[in-house]
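Chemist: Following this line is coords-v2.txt, made up of compact mmCIF, C-alpha atoms and all ligand atoms:
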```
# COMPACT_ATOMS: atom_id res chain seq x y z
CA MET A 70 92.27 85.05 94.02
CA ARG A 71 92.97 88.55 95.26
CA ILE A 72 90.70 91.42 94.38
CA ILE A 73 92.34 94.81 94.64
CA LEU A 74 90.11 97.85 94.99
CA LEU A 75 91.66 101.04 93.65
CA GLY A 76 90.00 104.43 93.56
CA PRO A 77 90.04 107.87 95.12
CA PRO A 78 88.86 108.65 98.66
CA GLY A 79 85.11 108.20 98.86
CA SER A 80 84.82 106.18 95.64
CA GLY A 81 83.24 103.31 97.59
CA LYS A 82 86.13 100.87 98.15
CA GLY A 83 85.02 100.04 101.69
CA THR A 84 81.34 99.83 100.75
CA GLN A 85 81.92 97.59 97.75
CA GLY A 86 84.65 95.63 99.53
CA ASP A 87 82.11 94.56 102.16
CA LEU A 88 79.65 93.45 99.51
CA ILE A 89 82.33 91.48 97.65
CA SER A 90 83.37 89.87 100.91
CA ARG A 91 79.81 88.80 101.65
CA LYS A 92 79.11 87.43 98.17
CA TYR A 93 82.38 85.61 97.55
CA GLY A 94 83.47 84.81 101.10
CA PHE A 95 86.85 86.53 100.78
CA PRO A 96 87.87 88.61 103.83
CA ARG A 97 88.15 92.36 103.22
CA ILE A 98 91.45 93.80 104.32
CA SER A 99 91.40 97.56 104.73
CA THR A 100 94.78 99.08 105.56
CA GLY A 101 92.96 102.29 106.52
CA ASP A 102 90.78 100.46 109.09
CA ILE A 103 93.78 98.60 110.54
CA LEU A 104 95.76 101.83 110.84
CA ARG A 105 92.84 103.76 112.37
CA ARG A 106 92.36 101.05 114.99
CA ALA A 107 96.08 101.18 115.81
CA VAL A 108 95.85 104.96 116.22
CA ARG A 109 92.77 104.70 118.44
CA GLU A 110 94.37 102.05 120.63
CA ARG A 111 97.61 104.05 120.85
CA MET A 112 99.64 101.11 119.52
CA ALA A 113 103.24 101.75 118.39
CA LEU A 114 102.14 101.28 114.79
CA GLY A 115 99.40 103.86 115.24
CA LEU A 116 101.72 106.40 116.81
CA ARG A 117 104.02 106.09 113.81
CA ALA A 118 101.17 106.44 111.32
CA GLU A 119 98.95 109.07 112.92
CA ALA A 120 100.65 112.27 111.77
CA MET A 121 100.73 111.16 108.14
CA MET A 122 97.10 110.04 108.19
CA ASN A 123 95.92 113.29 109.72
CA LYS A 124 97.65 115.19 106.94
CA GLY A 125 96.19 112.93 104.23
CA GLU A 126 99.60 111.63 103.22
CA LEU A 127 100.65 108.04 102.75
CA VAL A 128 102.02 106.11 105.68
CA SER A 129 105.43 104.59 104.93
CA ASP A 130 105.51 101.57 102.66
CA ASP A 131 107.36 99.49 105.29
CA ILE A 132 104.58 99.92 107.82
CA VAL A 133 101.70 99.00 105.53
CA GLN A 134 103.57 96.20 103.82
CA ASP A 135 104.33 94.56 107.18
CA LEU A 136 100.74 94.68 108.25
CA VAL A 137 99.46 93.30 104.94
CA ARG A 138 102.09 90.54 104.96
CA GLN A 139 100.94 89.42 108.40
CA ARG A 140 97.25 89.66 107.58
CA ILE A 141 97.32 87.70 104.32
CA ALA A 142 99.27 84.90 105.97
CA ALA A 143 96.18 84.12 108.07
CA GLU A 144 94.19 80.98 107.33
CA ASP A 145 91.07 82.87 106.25
CA CYS A 146 93.01 84.37 103.31
CA ARG A 147 94.01 81.00 101.85
CA ARG A 148 91.22 80.99 99.22
CA GLY A 149 91.52 84.67 98.51
CA TYR A 150 91.03 88.16 99.87
CA VAL A 151 89.88 91.64 98.96
CA LEU A 152 92.35 94.49 99.43
CA ASP A 153 90.82 97.90 100.14
CA GLY A 154 93.40 100.69 100.13
CA PHE A 155 96.45 98.58 99.34
CA PRO A 156 98.51 98.81 97.20
CA ARG A 157 98.65 102.60 96.91
CA ASN A 158 101.73 102.84 94.72
CA VAL A 159 103.88 100.65 92.48
CA PRO A 160 106.44 99.69 95.18
CA GLN A 161 103.56 98.39 97.34
CA ALA A 162 102.16 96.48 94.35
CA GLU A 163 105.55 94.88 93.72
CA ALA A 164 105.87 94.03 97.40
CA LEU A 165 102.44 92.37 97.30
CA GLU A 166 103.51 90.15 94.44
CA THR A 167 106.66 89.20 96.35
CA MET A 168 104.76 88.35 99.53
CA ASP A 169 102.10 86.26 97.76
CA PRO A 170 103.57 85.36 94.36
CA GLY A 171 101.60 83.96 91.46
CA ARG A 172 98.14 84.43 92.96
CA ARG A 173 95.46 85.28 90.41
CA GLU A 174 94.48 88.91 90.78
CA LEU A 175 91.99 91.48 89.57
CA ALA A 176 92.44 95.20 90.19
CA LEU A 177 89.17 97.15 89.98
CA GLU A 178 89.43 100.93 89.90
CA LEU A 179 86.29 102.73 91.03
CA MET A 180 85.85 105.85 88.89
CA VAL A 181 83.93 108.79 90.41
CA ASP A 182 84.02 112.54 89.73
CA LEU A 183 85.61 114.82 92.30
CA GLU A 184 82.39 116.69 93.06
CA LEU A 185 80.61 113.47 93.97
CA LEU A 186 83.51 112.33 96.16
CA LEU A 187 83.31 115.49 98.22
CA GLN A 188 79.58 115.03 98.66
CA ARG A 189 80.00 111.41 99.77
CA LEU A 190 82.82 112.11 102.20
CA GLY A 191 80.90 115.02 103.71
CA ALA A 192 78.00 112.66 104.44
CA ARG A 193 80.04 109.73 105.75
CA LEU A 194 79.74 108.41 109.29
CA VAL A 195 81.79 105.50 110.60
CA CYS A 196 81.65 103.24 113.59
CA PRO A 197 85.13 103.21 115.13
CA ALA A 198 84.32 99.99 117.00
CA CYS A 199 83.17 97.67 114.19
CA HIS A 200 84.09 99.76 111.10
CA ALA A 201 80.49 99.79 109.80
CA LEU A 202 79.93 102.56 107.26
CA TYR A 203 76.97 104.91 106.99
CA SER A 204 75.98 107.90 104.93
CA ARG A 205 73.74 110.67 106.22
CA GLU A 206 72.32 110.80 102.70
CA ILE A 207 71.92 107.28 101.39
CA GLN A 208 72.34 105.01 104.39
CA PRO A 209 71.61 106.71 107.70
CA PRO A 210 71.66 104.63 110.89
CA ARG A 211 68.27 103.66 112.38
CA THR A 212 69.00 105.85 115.43
CA ALA A 213 70.91 109.07 114.75
CA GLY A 214 74.55 108.75 115.79
CA VAL A 215 74.32 105.09 116.84
CA CYS A 216 75.72 102.09 114.96
CA ASP A 217 72.98 99.64 113.93
CA ALA A 218 75.42 96.74 114.13
CA CYS A 219 77.09 97.20 117.53
CA GLY A 220 75.53 100.23 119.25
CA GLY A 221 78.80 102.20 119.05
CA ALA A 222 78.83 106.00 118.73
CA LEU A 223 79.20 107.08 115.09
CA LEU A 224 81.78 109.68 114.13
CA SER A 225 83.06 111.59 111.14
CA ARG A 226 86.57 110.48 110.25
CA GLU A 227 89.41 112.74 111.37
CA ASP A 228 90.69 112.87 107.78
CA ASP A 229 87.31 113.83 106.27
CA ARG A 230 88.04 117.53 106.84
CA PRO A 231 88.06 119.47 103.53
CA GLU A 232 91.77 120.38 103.64
CA VAL A 233 92.77 116.77 104.35
CA ILE A 234 90.44 115.42 101.66
CA ALA A 235 92.14 117.74 99.17
CA GLU A 236 95.54 116.28 100.08
CA ARG A 237 94.24 112.67 99.91
CA VAL A 238 92.87 113.35 96.42
CA ARG A 239 96.17 114.93 95.38
CA VAL A 240 98.09 111.86 96.59
CA TYR A 241 95.68 109.57 94.77
CA LEU A 242 96.09 111.48 91.51
CA ARG A 243 99.88 111.35 91.85
CA GLU A 244 100.00 107.58 92.41
CA SER A 245 97.05 106.29 90.41
CA GLU A 246 98.44 106.52 86.90
CA PRO A 247 101.57 104.41 87.45
CA LEU A 248 99.56 101.93 89.54
CA ARG A 249 96.93 101.64 86.80
CA ALA A 250 99.68 101.08 84.21
CA TYR A 251 101.22 98.40 86.44
CA TYR A 252 98.00 96.36 86.61
CA GLN A 253 97.15 97.01 82.96
CA SER A 254 100.54 95.59 82.00
CA ARG A 255 99.67 92.44 83.98
CA LYS A 256 96.26 92.25 82.23
CA ALA A 257 94.56 92.33 85.60
CA TYR A 258 92.80 95.70 85.49
CA ALA A 259 89.25 96.95 84.95
CA ALA A 260 87.77 100.42 85.42
CA ILE A 261 84.33 100.42 87.05
CA THR A 262 81.94 103.35 86.72
CA ALA A 263 81.14 103.94 90.37
CA ALA A 264 78.94 107.05 90.33
CA GLY A 265 75.63 105.18 90.46
CA PRO A 266 73.78 103.74 93.43
CA VAL A 267 75.61 101.13 95.53
CA PRO A 268 73.73 98.05 94.16
CA GLU A 269 74.28 99.20 90.58
CA VAL A 270 78.03 99.57 91.13
CA PHE A 271 78.12 96.20 92.83
CA ASP A 272 76.40 94.54 89.85
CA LEU A 273 79.17 95.85 87.59
CA ILE A 274 81.83 94.56 89.98
CA ALA A 275 80.20 91.16 90.45
CA ALA A 276 79.86 90.68 86.68
CA ARG A 277 83.59 91.33 86.30
CA VAL A 278 84.56 89.07 89.21
CA ASP A 279 82.27 86.28 87.98
CA ARG A 280 83.87 86.52 84.58
CA GLU A 281 87.30 86.25 86.13
CA LEU A 282 86.37 83.28 88.29
CA GLY A 283 84.44 81.61 85.48
CA MET A 284 87.18 82.01 82.91
CA SER A 285 89.44 79.57 84.70
CA GLY A 286 86.54 77.33 85.70
CA THR A 287 87.69 77.41 89.29
CA PRO A 288 84.77 76.69 91.58
CA GLN A 289 84.55 78.40 94.96
CA GLY A 290 85.57 76.38 97.94
CA ARG A 291 88.67 74.82 96.40
CA GLY A 292 92.15 75.42 97.69
CA ARG A 293 94.34 78.42 96.99
CA GLU A 294 93.11 80.38 94.00
P1 LIG A 301 91.70 104.70 103.60
O1 LIG A 301 90.91 104.40 104.81
O2 LIG A 301 92.06 103.62 102.67
O3 LIG A 301 90.96 105.92 102.86
P2 LIG A 301 90.71 106.31 101.34
O4 LIG A 301 91.46 105.53 100.33
O5 LIG A 301 90.93 107.77 101.32
O6 LIG A 301 89.27 105.88 101.07
P3 LIG A 301 88.02 106.11 101.95
O7 LIG A 301 87.99 105.09 103.05
O8 LIG A 301 87.91 107.55 102.35
O9 LIG A 301 86.84 105.91 100.92
P4 LIG A 301 86.24 104.60 100.23
O10 LIG A 301 86.66 104.59 98.81
O11 LIG A 301 86.50 103.38 101.05
O12 LIG A 301 84.70 104.98 100.27
P5 LIG A 301 83.55 104.46 101.26
O13 LIG A 301 83.09 103.10 100.86
O14 LIG A 301 83.94 104.69 102.69
O15 LIG A 301 93.08 105.40 104.01
C1 LIG A 301 93.12 106.42 104.99
C2 LIG A 301 94.57 106.84 105.23
O16 LIG A 301 95.33 105.71 105.75
C3 LIG A 301 95.35 107.28 103.99
O17 LIG A 301 95.13 108.66 103.70
C4 LIG A 301 96.79 106.99 104.42
O18 LIG A 301 97.28 107.97 105.29
C5 LIG A 301 96.63 105.69 105.19
N1 LIG A 301 96.76 104.51 104.34
C6 LIG A 301 95.82 103.55 104.11
N2 LIG A 301 96.29 102.61 103.29
C7 LIG A 301 97.56 102.97 102.98
C8 LIG A 301 98.57 102.40 102.16
N3 LIG A 301 98.36 101.29 101.46
N4 LIG A 301 99.77 103.04 102.07
C9 LIG A 301 100.01 104.16 102.77
N5 LIG A 301 99.09 104.77 103.57
C10 LIG A 301 97.88 104.17 103.68
O19 LIG A 301 82.38 105.48 100.88
C11 LIG A 301 82.43 106.83 101.27
C12 LIG A 301 81.01 107.32 101.64
O20 LIG A 301 80.22 107.30 100.47
C13 LIG A 301 80.29 106.42 102.67
O21 LIG A 301 79.51 107.22 103.52
C14 LIG A 301 79.38 105.52 101.82
O22 LIG A 301 78.22 105.14 102.50
C15 LIG A 301 79.08 106.43 100.63
N6 LIG A 301 78.94 105.71 99.36
C16 LIG A 301 79.69 104.64 98.94
N7 LIG A 301 79.28 104.25 97.71
C17 LIG A 301 78.27 105.10 97.36
C18 LIG A 301 77.43 105.20 96.20
N8 LIG A 301 77.57 104.34 95.15
N9 LIG A 301 76.52 106.18 96.16
C19 LIG A 301 76.36 107.06 97.20
N10 LIG A 301 77.13 107.01 98.33
C20 LIG A 301 78.07 106.03 98.41
```
Would you encode the structure as structure tokens?
Ligand code: AP5
Modeler:
Amino acid sequence: MRIILLGPPGSGKGTQGDLISRKYGFPRISTGDILRRAVRERMALGLRAEAMMNKGELVSDDIVQDLVRQRIAAEDCRRGYVLDGFPRNVPQAEALETMDPGRRELALELMVDLELLLQRLGARLVCPACHALYSREIQPPRTAGVCDACGGALLSREDDRPEVIAERVRVYLRESEPLRAYYQSRKAYAAITAAGPVPEVFDLIAARVDRELGMSGTPQGRGRE
């Protein structure tokens, strides 16, 4: 099975993707994390992506499709995977179906008001080393500025500046409707109210995923789902 997390910047895709990964054992694949690491390590991929990311625009479809194609071919994705930040538009969604055809899928769109998104992004801290997420408001690290998990120095993301957030939201609004229609037409879409506390949102997601897994009676641990 593949679980696709849709939603605007700050809606909680990374946060909920981690929880889904832990509960169901599917790896979380975040195109944003992979791209940010490539930028930090000055890899060719990162150099090509950096300018677009810093402006809040989408990186080219070819770049992200290549990296997703390689990642989902890995052994740990055989049973399934959670996509956080991909696909971002209909061409990417069609490419996903071509690279991994016929896999059962569920697209969950996290719905949050703009005002709340801005508040969340303003409070976000990330660990560039291990990608752990924190919030100054709801989930501060034990020691200010230090990652609980790996001891790395926490930072605000380069693209969490107000003018870049505005562009990221604009891009999301432009692409979300056709993408939503694409997954609705495949009967693989659910909107999740994601304004509540993290555990409450996760309960809604888990209920929907359980329903999807239960409907086909496919137990975990079997082959490709
Ligand atoms: P990406 O990294 O995917 O960013 P995004 O989609 O803008 O989403 P965010 O990571 O900002 O937010 P999130 O929804 O994961 O929220 P989070 O859980 O962190 O992409 C970055 C850039 O890379 C793009 O702009 C683009 O340039 C490029 N890119 C990536 N994928 C691409 C693709 N497929 N095609 C082309 N370009 C691509 O939560 C946010 C904060 O809120 C955290 O601090 C968290 O602790 C807190 N929080 C979470 N849930 C709650 C809650 N329920 N209540 C209170 N606080 C909460």
Chemist: Tell me which protein, DNA and RNA residues are within 8 Å of Gln134 (chain A), counting all atoms listed in the file, leaving out same-chain ones fewer than 4 positions away, and put them as a count of residues only.
Modeler: 5
Chemist: Mind listing whatever residues come within 10 Å of the point (79.9, 114.8, 113.1)? Use only C-alpha atoms, file coordinates, and give them as a list in words.
Modeler: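 Those within range, by chain then number, are Gly191, Ala192, Arg193, Leu194, Val195, Gly214, Leu223, Leu224, Ser225, Arg226 and Glu227 of chain A.
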Chemist: Hey, what's within 12 Å of Gly94 (chain A) if we count all atoms listed in the file and toss same-chain stuff fewer than 4 positions away? As a list of chain:residue names, please?
Modeler: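 In the requested form, the answer reads A:Met70, A:Arg71, A:Ile72, A:Gly86, A:Asp87, A:Leu88, A:Ile89, A:Ser90, A:Asp145, A:Cys146, A:Arg147, A:Arg148, A:Gly149, A:Tyr150, A:Val151, A:Gln289, A:Gly290.
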Chemist: Taking 6 positions as the minimum chain separation for residues in the same chain, which residues sit within 8 Å of Glu178 (chain A) when counting all atoms listed in the file? Answer as number ranges by chain.
Modeler: A: 74-76, 258-261
Chemist: What does the distance from CA of Leu273 (chain A) to CA of Asp217 (chain A) come to in Å, to one decimal?
Modeler: 27.3 Å
Chemist: Taking all atoms listed in the file into account, which residues are within 7 Å of ligand LIG 301 (chain A), as a ChimeraX atom specification?
Modeler: /A:76-85,99-102,104,121-122,125-130,133,153-157,189-190,192-194,202-204,207-208,237,263-267,270
Chemist: Could you tell me how far CA of Cys219 (chain A) lies from CA of His200 (chain A), in Å and to one decimal?
Modeler: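 Pair CA of Cys219 (chain A) / CA of His200 (chain A) returns 9.8 Å.
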Chemist: Work out how far apart CA of Ala107 (chain A) and CA of Glu119 (chain A) are and give it in Å to one decimal.
Modeler: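 Calculated distance between CA of Ala107 (chain A) and CA of Glu119 (chain A) is 8.9 Å.
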Chemist: So, with only C-alpha atoms as the atoms that count, which of A:Leu177, A:Glu144, A:Arg111, A:Asp135 lies closest to Phe271 (chain A)?
Modeler: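 Among the listed residues, A:Leu177 lies closest to Phe271 (chain A).
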Chemist: Calculated over all atoms listed in the file, which of the candidates A:Ile132, A:Ala213, A:Val238, A:Ala162 has the smallest distance to Glu184 (chain A)?
Modeler: A:Val238
Chemist: Find, counting all atoms listed in the file, the residue in A:Asn123, A:Asp169, A:Asp131, A:Ile234 that gets nearest to Leu183 (chain A).
Modeler: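 Among A:Asn123, A:Asp169, A:Asp131, A:Ile234, it is A:Ile234 that comes nearest to Leu183 (chain A).
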Chemist: Please, what is the axis-aligned box for every listed atom of region 241-258 of chain A with 5 Å on each side, as centre and edge lengths in Å to one decimal, as AutoDock Vina command-line options?
Modeler:
```
--center_x 97.2 --center_y 101.9 --center_z 88.4 --size_x 18.8 --size_y 29.2 --size_z 22.8
```
Chemist: Because some atoms of region 118-132 of chain A are absent here, can you restore N, CA, C and O atoms and send them as an mmCIF file, keeping the file's coordinate frame?
Modeler:
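Saved file out-v7.cif follows:
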```cif
data_model
loop_
_atom_site.group_PDB
_atom_site.id
_atom_site.type_symbol
_atom_site.label_atom_id
_atom_site.label_comp_id
_atom_site.auth_asym_id
_atom_site.auth_seq_id
_atom_site.Cartn_x
_atom_site.Cartn_y
_atom_site.Cartn_z
ATOM 1 N N ALA A 118 101.967 106.130 112.516
ATOM 2 C CA ALA A 118 101.170 106.440 111.320
ATOM 3 C C ALA A 118 100.320 107.703 111.456
ATOM 4 O O ALA A 118 99.960 108.335 110.462
ATOM 5 N N GLU A 119 99.999 108.074 112.681
ATOM 6 C CA GLU A 119 98.950 109.070 112.920
ATOM 7 C C GLU A 119 99.189 110.406 112.210
ATOM 8 O O GLU A 119 98.285 110.950 111.559
ATOM 9 N N ALA A 120 100.397 110.924 112.329
ATOM 10 C CA ALA A 120 100.650 112.270 111.770
ATOM 11 C C ALA A 120 100.418 112.269 110.266
ATOM 12 O O ALA A 120 99.796 113.197 109.717
ATOM 13 N N MET A 121 100.891 111.223 109.594
ATOM 14 C CA MET A 121 100.730 111.160 108.140
ATOM 15 C C MET A 121 99.258 111.049 107.771
ATOM 16 O O MET A 121 98.776 111.694 106.838
ATOM 17 N N MET A 122 98.524 110.228 108.500
ATOM 18 C CA MET A 122 97.100 110.040 108.190
ATOM 19 C C MET A 122 96.330 111.340 108.385
ATOM 20 O O MET A 122 95.469 111.695 107.585
ATOM 21 N N ASN A 123 96.651 112.048 109.454
ATOM 22 C CA ASN A 123 95.920 113.290 109.720
ATOM 23 C C ASN A 123 96.211 114.378 108.695
ATOM 24 O O ASN A 123 95.446 115.316 108.534
ATOM 25 N N LYS A 124 97.338 114.225 108.000
ATOM 26 C CA LYS A 124 97.650 115.190 106.940
ATOM 27 C C LYS A 124 97.143 114.723 105.581
ATOM 28 O O LYS A 124 97.243 115.434 104.596
ATOM 29 N N GLY A 125 96.678 113.469 105.514
ATOM 30 C CA GLY A 125 96.190 112.930 104.230
ATOM 31 C C GLY A 125 97.294 112.371 103.369
ATOM 32 O O GLY A 125 97.098 112.110 102.184
ATOM 33 N N GLU A 126 98.479 112.184 103.986
ATOM 34 C CA GLU A 126 99.600 111.630 103.220
ATOM 35 C C GLU A 126 99.704 110.131 103.432
ATOM 36 O O GLU A 126 99.093 109.589 104.353
ATOM 37 N N LEU A 127 100.499 109.490 102.599
ATOM 38 C CA LEU A 127 100.650 108.040 102.750
ATOM 39 C C LEU A 127 101.551 107.716 103.922
ATOM 40 O O LEU A 127 102.567 108.380 104.149
ATOM 41 N N VAL A 128 101.171 106.678 104.639
ATOM 42 C CA VAL A 128 102.020 106.110 105.680
ATOM 43 C C VAL A 128 103.152 105.369 104.962
ATOM 44 O O VAL A 128 102.997 104.956 103.804
ATOM 45 N N SER A 129 104.283 105.160 105.644
ATOM 46 C CA SER A 129 105.430 104.590 104.930
ATOM 47 C C SER A 129 105.138 103.182 104.418
ATOM 48 O O SER A 129 104.402 102.408 105.037
ATOM 49 N N ASP A 130 105.733 102.877 103.281
ATOM 50 C CA ASP A 130 105.510 101.570 102.660
ATOM 51 C C ASP A 130 105.850 100.431 103.621
ATOM 52 O O ASP A 130 105.128 99.440 103.697
ATOM 53 N N ASP A 131 106.948 100.574 104.377
ATOM 54 C CA ASP A 131 107.360 99.490 105.290
ATOM 55 C C ASP A 131 106.254 99.140 106.271
ATOM 56 O O ASP A 131 105.982 97.971 106.527
ATOM 57 N N ILE A 132 105.620 100.162 106.817
ATOM 58 C CA ILE A 132 104.580 99.920 107.820
ATOM 59 C C ILE A 132 103.413 99.157 107.204
ATOM 60 O O ILE A 132 102.991 98.122 107.710
#
```
